[in-house]
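Enquirer: So I've got this file, run.pdb, and it contains PDB, C-alpha atoms:
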```pdb
ATOM      1  CA  MET A 244     -57.453  41.259  10.876
ATOM      2  CA  LEU A 245     -54.882  43.459   9.137
ATOM      3  CA  HIS A 246     -53.181  42.195   5.992
ATOM      4  CA  ILE A 247     -49.953  43.933   5.021
ATOM      5  CA  ILE A 248     -48.809  43.639   1.418
ATOM      6  CA  ASN A 249     -45.476  44.924   0.096
ATOM      7  CA  LYS A 250     -45.255  43.519  -3.453
ATOM      8  CA  SER A 251     -46.499  44.995  -6.717
ATOM      9  CA  PRO A 252     -49.690  43.214  -7.832
ATOM     10  CA  LEU A 253     -48.420  42.942 -11.404
ATOM     11  CA  GLY A 254     -45.156  41.262 -10.465
ATOM     12  CA  ASN A 255     -46.190  38.968  -7.646
ATOM     13  CA  VAL A 256     -49.354  37.101  -6.561
ATOM     14  CA  SER A 257     -49.344  38.142  -2.867
ATOM     15  CA  LEU A 258     -52.114  40.697  -3.183
ATOM     16  CA  ASP A 259     -54.109  38.451  -5.495
ATOM     17  CA  SER A 260     -53.924  35.603  -2.961
ATOM     18  CA  CYS A 261     -54.762  37.912  -0.097
ATOM     19  CA  LEU A 262     -57.870  39.197  -1.871
ATOM     20  CA  ARG A 263     -58.904  35.623  -2.695
ATOM     21  CA  VAL A 264     -58.855  34.453   0.920
ATOM     22  CA  ALA A 265     -59.628  37.589   2.945
ATOM     23  CA  LYS A 266     -63.370  38.049   3.259
ATOM     24  CA  SER A 267     -63.263  40.971   5.685
ATOM     25  CA  GLY A 268     -60.883  43.131   7.671
ATOM     26  CA  GLU A 269     -58.319  45.615   6.498
ATOM     27  CA  ILE A 270     -55.465  45.721   4.029
ATOM     28  CA  LEU A 271     -52.457  48.026   4.207
ATOM     29  CA  LEU A 272     -50.463  48.487   1.009
ATOM     30  CA  ILE A 273     -46.818  49.423   1.583
ATOM     31  CA  GLU A 274     -43.601  49.577  -0.472
ATOM     32  CA  ASP A 275     -44.121  48.196  -3.995
ATOM     33  CA  ALA A 276     -47.720  47.217  -3.200
ATOM     34  CA  VAL A 277     -48.765  50.887  -3.365
ATOM     35  CA  TYR A 278     -48.854  50.558  -7.168
ATOM     36  CA  ALA A 279     -52.063  48.528  -6.706
ATOM     37  CA  ALA A 280     -53.807  51.640  -5.385
ATOM     38  CA  THR A 281     -53.188  53.788  -8.443
ATOM     39  CA  ARG A 282     -55.775  54.741 -11.051
ATOM     40  CA  GLY A 283     -55.543  53.049 -14.413
ATOM     41  CA  ASN A 284     -53.443  50.064 -13.396
ATOM     42  CA  ALA A 285     -54.488  46.614 -14.554
ATOM     43  CA  PHE A 286     -55.292  45.523 -11.002
ATOM     44  CA  GLU A 287     -57.698  48.422 -10.408
ATOM     45  CA  ALA A 288     -60.869  46.400 -10.958
ATOM     46  CA  ARG A 289     -59.818  43.771  -8.398
ATOM     47  CA  ILE A 290     -59.188  46.532  -5.852
ATOM     48  CA  SER A 291     -62.518  48.251  -6.583
ATOM     49  CA  GLU A 292     -64.340  44.980  -6.097
ATOM     50  CA  ALA A 293     -62.488  44.296  -2.828
ATOM     51  CA  LEU A 294     -63.334  47.760  -1.459
ATOM     52  CA  GLY A 295     -66.911  46.520  -0.944
ATOM     53  CA  ARG A 296     -65.828  44.103   1.781
ATOM     54  CA  LEU A 297     -62.413  45.261   2.965
ATOM     55  CA  LYS A 298     -60.991  48.555   4.156
ATOM     56  CA  ILE A 299     -57.890  49.384   2.144
ATOM     57  CA  HIS A 300     -55.144  51.749   3.215
ATOM     58  CA  VAL A 301     -51.955  52.909   1.539
ATOM     59  CA  LEU A 302     -48.741  54.123   3.160
ATOM     60  CA  LEU A 303     -48.367  57.650   1.777
ATOM     61  CA  PRO A 304     -44.547  58.028   1.966
ATOM     62  CA  ASP A 305     -44.222  54.932  -0.248
ATOM     63  CA  LEU A 306     -46.726  56.328  -2.739
ATOM     64  CA  GLU A 307     -44.900  59.684  -2.832
ATOM     65  CA  ALA A 308     -41.538  57.979  -3.300
ATOM     66  CA  ARG A 309     -42.892  56.372  -6.466
ATOM     67  CA  GLY A 310     -44.271  59.626  -7.875
ATOM     68  CA  LEU A 311     -47.896  58.503  -7.677
ATOM     69  CA  ALA A 312     -49.437  60.481  -4.823
ATOM     70  CA  ASP A 313     -51.749  62.207  -7.324
ATOM     71  CA  ARG A 314     -53.053  58.903  -8.766
ATOM     72  CA  LEU A 315     -54.618  57.345  -5.691
ATOM     73  CA  MET A 316     -57.897  55.519  -6.384
ATOM     74  CA  ASP A 317     -61.029  56.744  -4.624
ATOM     75  CA  GLY A 318     -62.012  54.812  -1.532
ATOM     76  CA  ILE A 319     -58.504  54.080  -0.331
ATOM     77  CA  SER A 320     -57.255  55.897   2.740
ATOM     78  CA  LYS A 321     -53.776  57.338   3.115
ATOM     79  CA  VAL A 322     -51.819  56.674   6.292
ATOM     80  CA  ASP A 323     -48.442  57.864   7.561
ATOM     81  CA  TYR A 324     -46.079  55.821   9.741
ATOM     82  CA  GLY A 325     -48.091  56.738  12.842
ATOM     83  CA  GLY A 326     -51.230  55.521  11.085
ATOM     84  CA  PHE A 327     -49.449  52.270  10.256
ATOM     85  CA  VAL A 328     -48.817  51.711  13.979
ATOM     86  CA  ASP A 329     -52.413  52.616  14.820
ATOM     87  CA  LEU A 330     -53.705  50.043  12.323
ATOM     88  CA  VAL A 331     -51.545  47.302  13.792
ATOM     89  CA  ALA A 332     -52.641  48.251  17.303
ATOM     90  CA  ALA A 333     -56.327  48.425  16.390
ATOM     91  CA  ASN A 334     -56.464  44.946  14.841
ATOM     92  CA  LYS A 335     -56.425  41.786  16.905
ATOM     93  CA  ASN A 336     -53.827  40.245  14.615
ATOM     94  CA  CYS A 337     -52.001  40.939  11.422
ATOM     95  CA  GLN A 338     -50.281  39.112   8.607
ATOM     96  CA  SER A 339     -47.450  40.307   6.414
ATOM     97  CA  TRP A 340     -47.742  38.587   3.037
ATOM     98  CA  LEU A 341     -44.182  38.113   1.862
TER
ATOM     99  CA  MET B1301     -14.713  48.640 -34.770
ATOM    100  CA  SER B1302     -15.738  45.034 -34.859
ATOM    101  CA  ASP B1303     -15.244  44.385 -31.131
ATOM    102  CA  ILE B1304     -18.154  46.609 -30.204
ATOM    103  CA  LYS B1305     -20.964  44.442 -28.894
ATOM    104  CA  LYS B1306     -24.634  45.186 -28.512
ATOM    105  CA  PHE B1307     -25.607  45.163 -24.835
ATOM    106  CA  LEU B1308     -29.197  45.311 -23.632
ATOM    107  CA  PHE B1309     -30.061  45.924 -19.989
ATOM    108  CA  VAL B1310     -33.575  44.721 -19.253
ATOM    109  CA  ASN B1311     -35.340  46.414 -16.335
ATOM    110  CA  ARG B1312     -38.446  44.680 -14.997
ATOM    111  CA  LYS B1313     -38.565  45.676 -11.314
ATOM    112  CA  PRO B1314     -40.009  48.790  -9.703
ATOM    113  CA  PRO B1315     -37.646  51.101  -7.797
ATOM    114  CA  TYR B1316     -37.071  51.182  -3.995
ATOM    115  CA  GLY B1317     -38.846  47.940  -2.976
ATOM    116  CA  THR B1318     -35.794  45.959  -4.035
ATOM    117  CA  ILE B1319     -32.264  46.919  -5.019
ATOM    118  CA  TYR B1320     -32.538  45.664  -8.628
ATOM    119  CA  ALA B1321     -33.359  48.991 -10.289
ATOM    120  CA  LEU B1322     -30.529  50.897  -8.619
ATOM    121  CA  GLU B1323     -28.031  48.100  -9.223
ATOM    122  CA  ALA B1324     -28.964  47.947 -12.898
ATOM    123  CA  LEU B1325     -28.493  51.694 -13.221
ATOM    124  CA  GLU B1326     -25.043  51.520 -11.616
ATOM    125  CA  VAL B1327     -23.989  48.686 -13.900
ATOM    126  CA  VAL B1328     -25.145  50.711 -16.897
ATOM    127  CA  LEU B1329     -23.126  53.749 -15.769
ATOM    128  CA  ILE B1330     -20.032  51.626 -15.282
ATOM    129  CA  SER B1331     -20.437  49.764 -18.554
ATOM    130  CA  ALA B1332     -20.728  53.091 -20.371
ATOM    131  CA  ALA B1333     -16.970  53.470 -19.848
ATOM    132  CA  PHE B1334     -16.310  50.520 -22.157
ATOM    133  CA  ASP B1335     -17.601  52.108 -25.360
ATOM    134  CA  GLN B1336     -20.094  49.404 -26.209
ATOM    135  CA  ASP B1337     -23.428  49.746 -27.968
ATOM    136  CA  VAL B1338     -25.702  49.990 -24.921
ATOM    137  CA  SER B1339     -29.499  49.963 -24.871
ATOM    138  CA  LEU B1340     -31.919  49.921 -21.956
ATOM    139  CA  ALA B1341     -35.308  48.241 -22.020
ATOM    140  CA  PHE B1342     -38.059  48.890 -19.502
ATOM    141  CA  LEU B1343     -40.968  46.502 -19.240
ATOM    142  CA  ASP B1344     -43.417  45.186 -16.653
ATOM    143  CA  ASP B1345     -42.966  47.039 -13.341
ATOM    144  CA  GLY B1346     -39.618  48.328 -14.617
ATOM    145  CA  VAL B1347     -41.458  51.177 -16.352
ATOM    146  CA  TYR B1348     -42.172  52.609 -12.891
ATOM    147  CA  GLN B1349     -38.459  53.427 -12.583
ATOM    148  CA  LEU B1350     -38.980  56.267 -15.052
ATOM    149  CA  LYS B1351     -42.105  57.765 -13.456
ATOM    150  CA  LYS B1352     -41.895  61.534 -13.023
ATOM    151  CA  GLY B1353     -42.322  63.176  -9.645
ATOM    152  CA  GLN B1354     -40.658  60.677  -7.305
ATOM    153  CA  GLN B1355     -40.274  62.137  -3.797
ATOM    154  CA  THR B1356     -38.366  59.842  -1.465
ATOM    155  CA  LYS B1357     -37.927  62.072   1.566
ATOM    156  CA  GLY B1358     -40.635  60.201   3.461
ATOM    157  CA  ILE B1359     -38.954  56.817   3.044
ATOM    158  CA  GLU B1360     -35.464  58.170   3.768
ATOM    159  CA  THR B1361     -34.080  56.571   0.635
ATOM    160  CA  LYS B1362     -32.039  58.217  -2.091
ATOM    161  CA  ASN B1363     -34.147  59.315  -5.051
ATOM    162  CA  PHE B1364     -32.106  57.992  -7.961
ATOM    163  CA  SER B1365     -34.630  58.847 -10.658
ATOM    164  CA  PRO B1366     -32.754  62.065 -11.698
ATOM    165  CA  THR B1367     -29.799  59.864 -12.638
ATOM    166  CA  TYR B1368     -31.693  58.455 -15.639
ATOM    167  CA  ARG B1369     -31.432  61.960 -17.083
ATOM    168  CA  ALA B1370     -27.635  61.780 -16.788
ATOM    169  CA  LEU B1371     -27.482  58.764 -19.119
ATOM    170  CA  GLU B1372     -27.416  60.978 -22.197
ATOM    171  CA  GLY B1373     -24.139  62.508 -20.980
ATOM    172  CA  TYR B1374     -22.782  58.972 -20.722
ATOM    173  CA  ASP B1375     -23.748  58.413 -24.393
ATOM    174  CA  VAL B1376     -26.452  55.962 -23.342
ATOM    175  CA  GLU B1377     -29.240  57.302 -25.480
ATOM    176  CA  LYS B1378     -31.248  54.244 -26.460
ATOM    177  CA  LEU B1379     -34.044  53.791 -23.963
ATOM    178  CA  TYR B1380     -36.951  51.556 -24.936
ATOM    179  CA  VAL B1381     -40.237  51.139 -23.090
ATOM    180  CA  GLU B1382     -42.845  48.491 -23.826
ATOM    181  CA  LYS B1383     -46.198  50.022 -24.703
ATOM    182  CA  GLU B1384     -48.251  47.222 -23.142
ATOM    183  CA  SER B1385     -46.434  47.613 -19.820
ATOM    184  CA  LEU B1386     -47.207  51.338 -19.728
ATOM    185  CA  ALA B1387     -50.857  50.740 -20.569
ATOM    186  CA  ALA B1388     -51.271  48.077 -17.873
ATOM    187  CA  ARG B1389     -50.142  50.638 -15.314
ATOM    188  CA  GLY B1390     -52.239  53.559 -16.477
ATOM    189  CA  LEU B1391     -49.135  55.392 -17.648
ATOM    190  CA  THR B1392     -48.282  57.208 -20.874
ATOM    191  CA  GLU B1393     -45.042  58.509 -22.346
ATOM    192  CA  ASP B1394     -45.838  61.901 -20.769
ATOM    193  CA  ASP B1395     -45.490  60.348 -17.310
ATOM    194  CA  LEU B1396     -41.838  59.507 -17.918
ATOM    195  CA  LEU B1397     -38.900  61.686 -16.901
ATOM    196  CA  VAL B1398     -36.697  60.946 -19.933
ATOM    197  CA  ASP B1399     -37.228  60.693 -23.672
ATOM    198  CA  VAL B1400     -37.823  57.098 -24.653
ATOM    199  CA  THR B1401     -38.823  55.059 -27.667
ATOM    200  CA  VAL B1402     -42.067  53.206 -27.073
ATOM    201  CA  LEU B1403     -42.134  49.718 -28.600
ATOM    202  CA  SER B1404     -44.845  47.103 -28.995
ATOM    203  CA  SER B1405     -44.274  43.704 -27.395
ATOM    204  CA  GLU B1406     -43.305  42.306 -30.764
ATOM    205  CA  GLU B1407     -40.782  45.082 -31.386
ATOM    206  CA  MET B1408     -39.378  44.542 -27.883
ATOM    207  CA  GLY B1409     -38.893  40.877 -28.706
ATOM    208  CA  ASN B1410     -37.070  41.798 -31.889
ATOM    209  CA  LEU B1411     -34.852  44.220 -29.999
ATOM    210  CA  MET B1412     -33.849  41.437 -27.600
ATOM    211  CA  ASP B1413     -33.168  39.099 -30.540
ATOM    212  CA  GLN B1414     -30.714  41.565 -32.064
ATOM    213  CA  GLN B1415     -28.420  41.776 -29.025
ATOM    214  CA  ASP B1416     -25.058  40.130 -28.388
ATOM    215  CA  VAL B1417     -25.506  40.285 -24.631
ATOM    216  CA  VAL B1418     -28.711  40.674 -22.613
ATOM    217  CA  LEU B1419     -28.518  41.409 -18.888
ATOM    218  CA  SER B1420     -31.781  41.129 -16.999
ATOM    219  CA  PHE B1421     -32.601  42.863 -13.732
TER
ATOM    220  CA  MET C 748     -15.635  55.600  10.801
ATOM    221  CA  SER C 749     -12.995  58.265  10.241
ATOM    222  CA  SER C 750     -13.437  61.982  10.650
ATOM    223  CA  ILE C 751     -11.777  65.318  10.067
ATOM    224  CA  GLU C 752     -11.789  68.401  12.251
ATOM    225  CA  VAL C 753     -12.191  71.848  10.705
ATOM    226  CA  ASN C 754     -12.570  75.030  12.783
ATOM    227  CA  GLY C 755     -13.330  72.963  15.853
ATOM    228  CA  LYS C 756     -16.117  71.002  14.174
ATOM    229  CA  THR C 757     -15.906  67.289  13.471
ATOM    230  CA  TYR C 758     -17.051  65.886  10.135
ATOM    231  CA  GLU C 759     -17.539  62.189   9.424
ATOM    232  CA  THR C 760     -15.631  60.743   6.468
ATOM    233  CA  ASP C 761     -15.180  57.285   5.028
ATOM    234  CA  GLU C 762     -11.827  55.521   5.272
ATOM    235  CA  GLU C 763     -10.629  57.280   2.095
ATOM    236  CA  GLY C 764     -11.511  60.732   3.349
ATOM    237  CA  TYR C 765     -14.752  61.347   1.435
ATOM    238  CA  LEU C 766     -17.404  63.217   3.434
ATOM    239  CA  VAL C 767     -20.195  60.919   4.584
ATOM    240  CA  ASN C 768     -22.875  63.624   4.667
ATOM    241  CA  LEU C 769     -23.229  65.769   1.570
ATOM    242  CA  SER C 770     -24.796  68.533   3.650
ATOM    243  CA  ASP C 771     -21.666  68.850   5.831
ATOM    244  CA  TRP C 772     -19.825  70.532   2.980
ATOM    245  CA  ASN C 773     -18.699  74.145   3.092
ATOM    246  CA  MET C 774     -15.762  76.085   1.670
ATOM    247  CA  ASP C 775     -13.640  75.668   4.778
ATOM    248  CA  VAL C 776     -14.085  71.914   4.647
ATOM    249  CA  ALA C 777     -13.220  71.990   0.937
ATOM    250  CA  ASN C 778     -10.038  73.977   1.618
ATOM    251  CA  TYR C 779      -9.119  71.566   4.392
ATOM    252  CA  ILE C 780      -9.567  68.491   2.202
ATOM    253  CA  ALA C 781      -7.640  70.201  -0.604
ATOM    254  CA  LYS C 782      -4.753  70.793   1.780
ATOM    255  CA  THR C 783      -4.675  67.119   2.755
ATOM    256  CA  GLU C 784      -4.411  66.422  -0.989
ATOM    257  CA  ASN C 785      -1.522  68.914  -1.254
ATOM    258  CA  LEU C 786      -3.591  71.279  -3.359
ATOM    259  CA  THR C 787      -4.093  75.006  -3.050
ATOM    260  CA  MET C 788      -7.485  76.016  -4.315
ATOM    261  CA  THR C 789      -7.527  78.591  -7.130
ATOM    262  CA  ASP C 790     -10.460  80.042  -9.060
ATOM    263  CA  ASN C 791      -9.970  77.310 -11.632
ATOM    264  CA  HIS C 792     -10.166  74.626  -8.952
ATOM    265  CA  TRP C 793     -13.332  76.186  -7.537
ATOM    266  CA  GLU C 794     -14.868  76.306 -10.986
ATOM    267  CA  VAL C 795     -14.557  72.523 -11.303
ATOM    268  CA  VAL C 796     -15.597  71.840  -7.711
ATOM    269  CA  ASN C 797     -18.678  74.036  -8.009
ATOM    270  CA  PHE C 798     -19.519  72.461 -11.338
ATOM    271  CA  LEU C 799     -19.358  69.008  -9.745
ATOM    272  CA  ARG C 800     -21.684  70.071  -6.960
ATOM    273  CA  GLU C 801     -24.175  71.438  -9.478
ATOM    274  CA  TYR C 802     -23.935  68.251 -11.515
ATOM    275  CA  TYR C 803     -24.583  66.156  -8.413
ATOM    276  CA  GLU C 804     -27.508  68.348  -7.413
ATOM    277  CA  GLU C 805     -29.101  67.774 -10.794
ATOM    278  CA  TYR C 806     -28.333  64.089 -11.421
ATOM    279  CA  GLN C 807     -27.619  62.655  -7.974
ATOM    280  CA  ILE C 808     -24.317  61.115  -9.074
ATOM    281  CA  ALA C 809     -20.728  62.223  -9.430
ATOM    282  CA  PRO C 810     -19.893  62.056 -13.135
ATOM    283  CA  ALA C 811     -17.262  59.751 -14.578
ATOM    284  CA  VAL C 812     -14.132  61.644 -15.637
ATOM    285  CA  ARG C 813     -14.958  61.282 -19.327
ATOM    286  CA  VAL C 814     -18.431  62.693 -18.742
ATOM    287  CA  LEU C 815     -17.097  65.492 -16.549
ATOM    288  CA  THR C 816     -14.522  66.461 -19.162
ATOM    289  CA  LYS C 817     -17.152  66.649 -21.871
ATOM    290  CA  ALA C 818     -19.564  68.619 -19.697
ATOM    291  CA  ILE C 819     -16.861  71.078 -18.583
ATOM    292  CA  GLY C 820     -15.953  71.617 -22.237
ATOM    293  CA  LYS C 821     -19.555  72.344 -23.056
ATOM    294  CA  LYS C 822     -19.873  74.901 -20.277
ATOM    295  CA  PHE C 823     -16.423  76.548 -20.129
ATOM    296  CA  GLY C 824     -14.993  75.867 -23.585
ATOM    297  CA  PRO C 825     -12.469  73.446 -25.093
ATOM    298  CA  ASP C 826      -9.504  75.050 -23.251
ATOM    299  CA  LYS C 827     -10.918  73.593 -20.056
ATOM    300  CA  GLY C 828     -12.800  70.599 -21.377
ATOM    301  CA  ASN C 829      -9.777  68.376 -21.806
ATOM    302  CA  SER C 830      -8.106  65.906 -19.514
ATOM    303  CA  GLN C 831      -4.721  67.648 -19.581
ATOM    304  CA  TYR C 832      -6.203  70.796 -18.051
ATOM    305  CA  LEU C 833      -8.194  68.862 -15.471
ATOM    306  CA  TYR C 834      -5.278  66.653 -14.465
ATOM    307  CA  GLU C 835      -3.062  69.719 -14.056
ATOM    308  CA  LEU C 836      -5.580  71.054 -11.558
ATOM    309  CA  PHE C 837      -6.138  67.684  -9.874
ATOM    310  CA  PRO C 838      -3.054  65.526 -10.467
ATOM    311  CA  TYR C 839      -4.530  62.459  -8.781
ATOM    312  CA  GLY C 840      -7.591  62.530 -10.991
ATOM    313  CA  PRO C 841     -10.357  65.096 -11.398
ATOM    314  CA  GLY C 842     -12.894  62.428 -10.503
ATOM    315  CA  LYS C 843     -11.350  61.206  -7.282
ATOM    316  CA  GLN C 844      -9.719  64.388  -6.033
ATOM    317  CA  ALA C 845     -12.187  67.036  -7.136
ATOM    318  CA  CYS C 846     -15.146  64.962  -5.947
ATOM    319  CA  LYS C 847     -13.518  64.553  -2.560
ATOM    320  CA  ILE C 848     -12.997  68.321  -2.263
ATOM    321  CA  ALA C 849     -16.555  68.903  -3.481
ATOM    322  CA  GLY C 850     -17.853  66.690  -0.693
ATOM    323  CA  LEU C 851     -19.312  64.153  -3.134
ATOM    324  CA  PRO C 852     -19.024  60.381  -3.148
ATOM    325  CA  LYS C 853     -16.454  58.764  -5.400
ATOM    326  CA  PRO C 854     -17.724  58.753  -8.987
ATOM    327  CA  THR C 855     -19.660  55.680 -10.062
ATOM    328  CA  GLY C 856     -17.465  53.583 -12.294
ATOM    329  CA  CYS C 857     -14.286  54.923 -10.760
ATOM    330  CA  ILE C 858     -12.471  51.815  -9.573
TER
END
```
Before we go any further, please render this structure as structure tokens.
Expert:
Amino acid sequence: MLHIINKSPLGNVSLDSCLRVAKSGEILLIEDAVYAATRGNAFEARISEALGRLKIHVLLPDLEARGLADRLMDGISKVDYGGFVDLVAANKNCQSWL
Amino acid sequence: MSDIKKFLFVNRKPPYGTIYALEALEVVLISAAFDQDVSLAFLDDGVYQLKKGQQTKGIETKNFSPTYRALEGYDVEKLYVEKESLAARGLTEDDLLVDVTVLSSEEMGNLMDQQDVVLSF
Amino acid sequence: MSSIEVNGKTYETDEEGYLVNLSDWNMDVANYIAKTENLTMTDNHWEVVNFLREYYEEYQIAPAVRVLTKAIGKKFGPDKGNSQYLYELFPYGPGKQACKIAGLPKPTGCI
């Protein structure tokens, strides 16, 4: 399953809830959720821990827009819009956490 | 003049994901015409508004971060950033695109206390 | 959506005649818009228009008149950095008129 998150982890509990319930599958961080994938942020440890059981991706244009393309944590893959579509197509279902 | 009031605009949302940051900035630019004592505070995800190096071509959205540098020309020179908010995001003053005053949480609280009007975005 | 036609090319504008796309701007378009505002462009007009475009390039906004006046004064001296001079060049307002000719949006805070 693909989980899509679009809220900052420090301003909203969507990503926190997603990580609590999702035991496997993939997560795509878009829009304000890309902040979760940056080095040194207070949510970093939760992401690192989740990387052991989930594949995590980040939408690069959203990371660039926020001036943080050079702060991406190790272990997270960058995707473009085409990659976004591929992820949706490759998973049997997906959930956008609003 | 005694009719000058202290206005504080509090920014707590990151840019682009929602319209709050841009709207706040526009309100600040408009209010600058009224010769009031204007300050801006950035805390929580609001500190991301000031991050250097924003490149919005890929999301086809206007990059409004350069406009924070125009504030000085509008005589809006008091920009305050909460230290704890920067630290929680792995950011330092060097990551910001304008000169700011970094305050502790306690100092930020005092700043809010001193205002006549506080507008939160 | 409104539009103007200059040298056989059509350019989109809003209902007040401001160019929709910043990148559509060129000197012919500027001269055309100036004419619709009953203005003949002189070197002094161009100086302000070019200054506005540079300001927009740097800050991504059109400056308020007060800010423009101050900034013009800083760059070109007090003879030009005053509202009398700027209103003589652009009688309907240096913000509104000069920004329109410069192909910029209406200044923020200009109601």
Enquirer: Would you list which chain B residues are within 10 Å of chain A using all atoms listed in the file, as a PyMOL selection string?
Expert: chain B and resi 1312-1318+1344-1346+1348-1363+1365+1385-1391+1395
Enquirer: Return as AutoDock Vina command-line options the centre and edge lengths, in Å with one decimal, of the box along x, y and z that encloses every atom of stretch 1308-1316 of chain B in the file, padded by 8 Å per side.
Expert:
```
--center_x -34.6 --center_y 47.9 --center_z -13.8 --size_x 26.8 --size_y 22.5 --size_z 35.6
```
Enquirer: The residues within 12 Å of (-7.0, 78.0, -11.1), using all atoms listed in the file and the coordinates of the file, should be reported as a PyMOL selection string; which are they?
Expert: chain C and resi 786-796+827+832-837
Enquirer: A:Val256, A:Arg289, A:Cys261, A:Lys321: which is nearest A:Gln338, counting only C-alpha atoms?
Expert: A:Cys261
Enquirer: List the residues matched by the PyMOL selection byres ((chain B and resi 1310) around 7) in the displayed structure as a list of chain:residue names, ordered by chain and then by residue number.
Expert: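 Applied to this file, the PyMOL selection byres ((chain B and resi 1310) around 7) selects B:Leu1308, B:Phe1309, B:Asn1311, B:Arg1312, B:Leu1340, B:Ala1341, B:Phe1342, B:Leu1419, B:Ser1420, B:Phe1421.
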Enquirer: State, in Å with one decimal place, the distance from atom CA of A:Gly295 to atom CA of A:Val264.
Expert: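 According to the coordinates, atom CA of A:Gly295 and atom CA of A:Val264 are separated by 14.6 Å.
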Enquirer: Decode the PyMOL selection byres ((chain B and resi 1400) around 7) for the given file into explicit residues and return them as JSON, numbers by chain.
Expert: {"B": [1379, 1380, 1381, 1398, 1399, 1401, 1402]}
Enquirer: What residues in chain B lie within 7 Å of chain C, counting all atoms listed in the file, written as a VMD selection string?
Expert: chain B and resid 1326 1329 to 1330 1364 1366 to 1367 1369 to 1370 1373 to 1374
Enquirer: On this structure, the PyMOL selection byres ((chain A and resi 263) around 12) would catch which residues? List them as a VMD selection string, sorted by chain and number.
Expert: chain A and resid 256 to 262 264 to 267 289 to 290 292 to 293 296 to 297
Enquirer: What is the distance between atom CA of A:Gly325 and atom CA of A:Lys298, in Å to one decimal?
Expert: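 It comes out at 17.6 Å.
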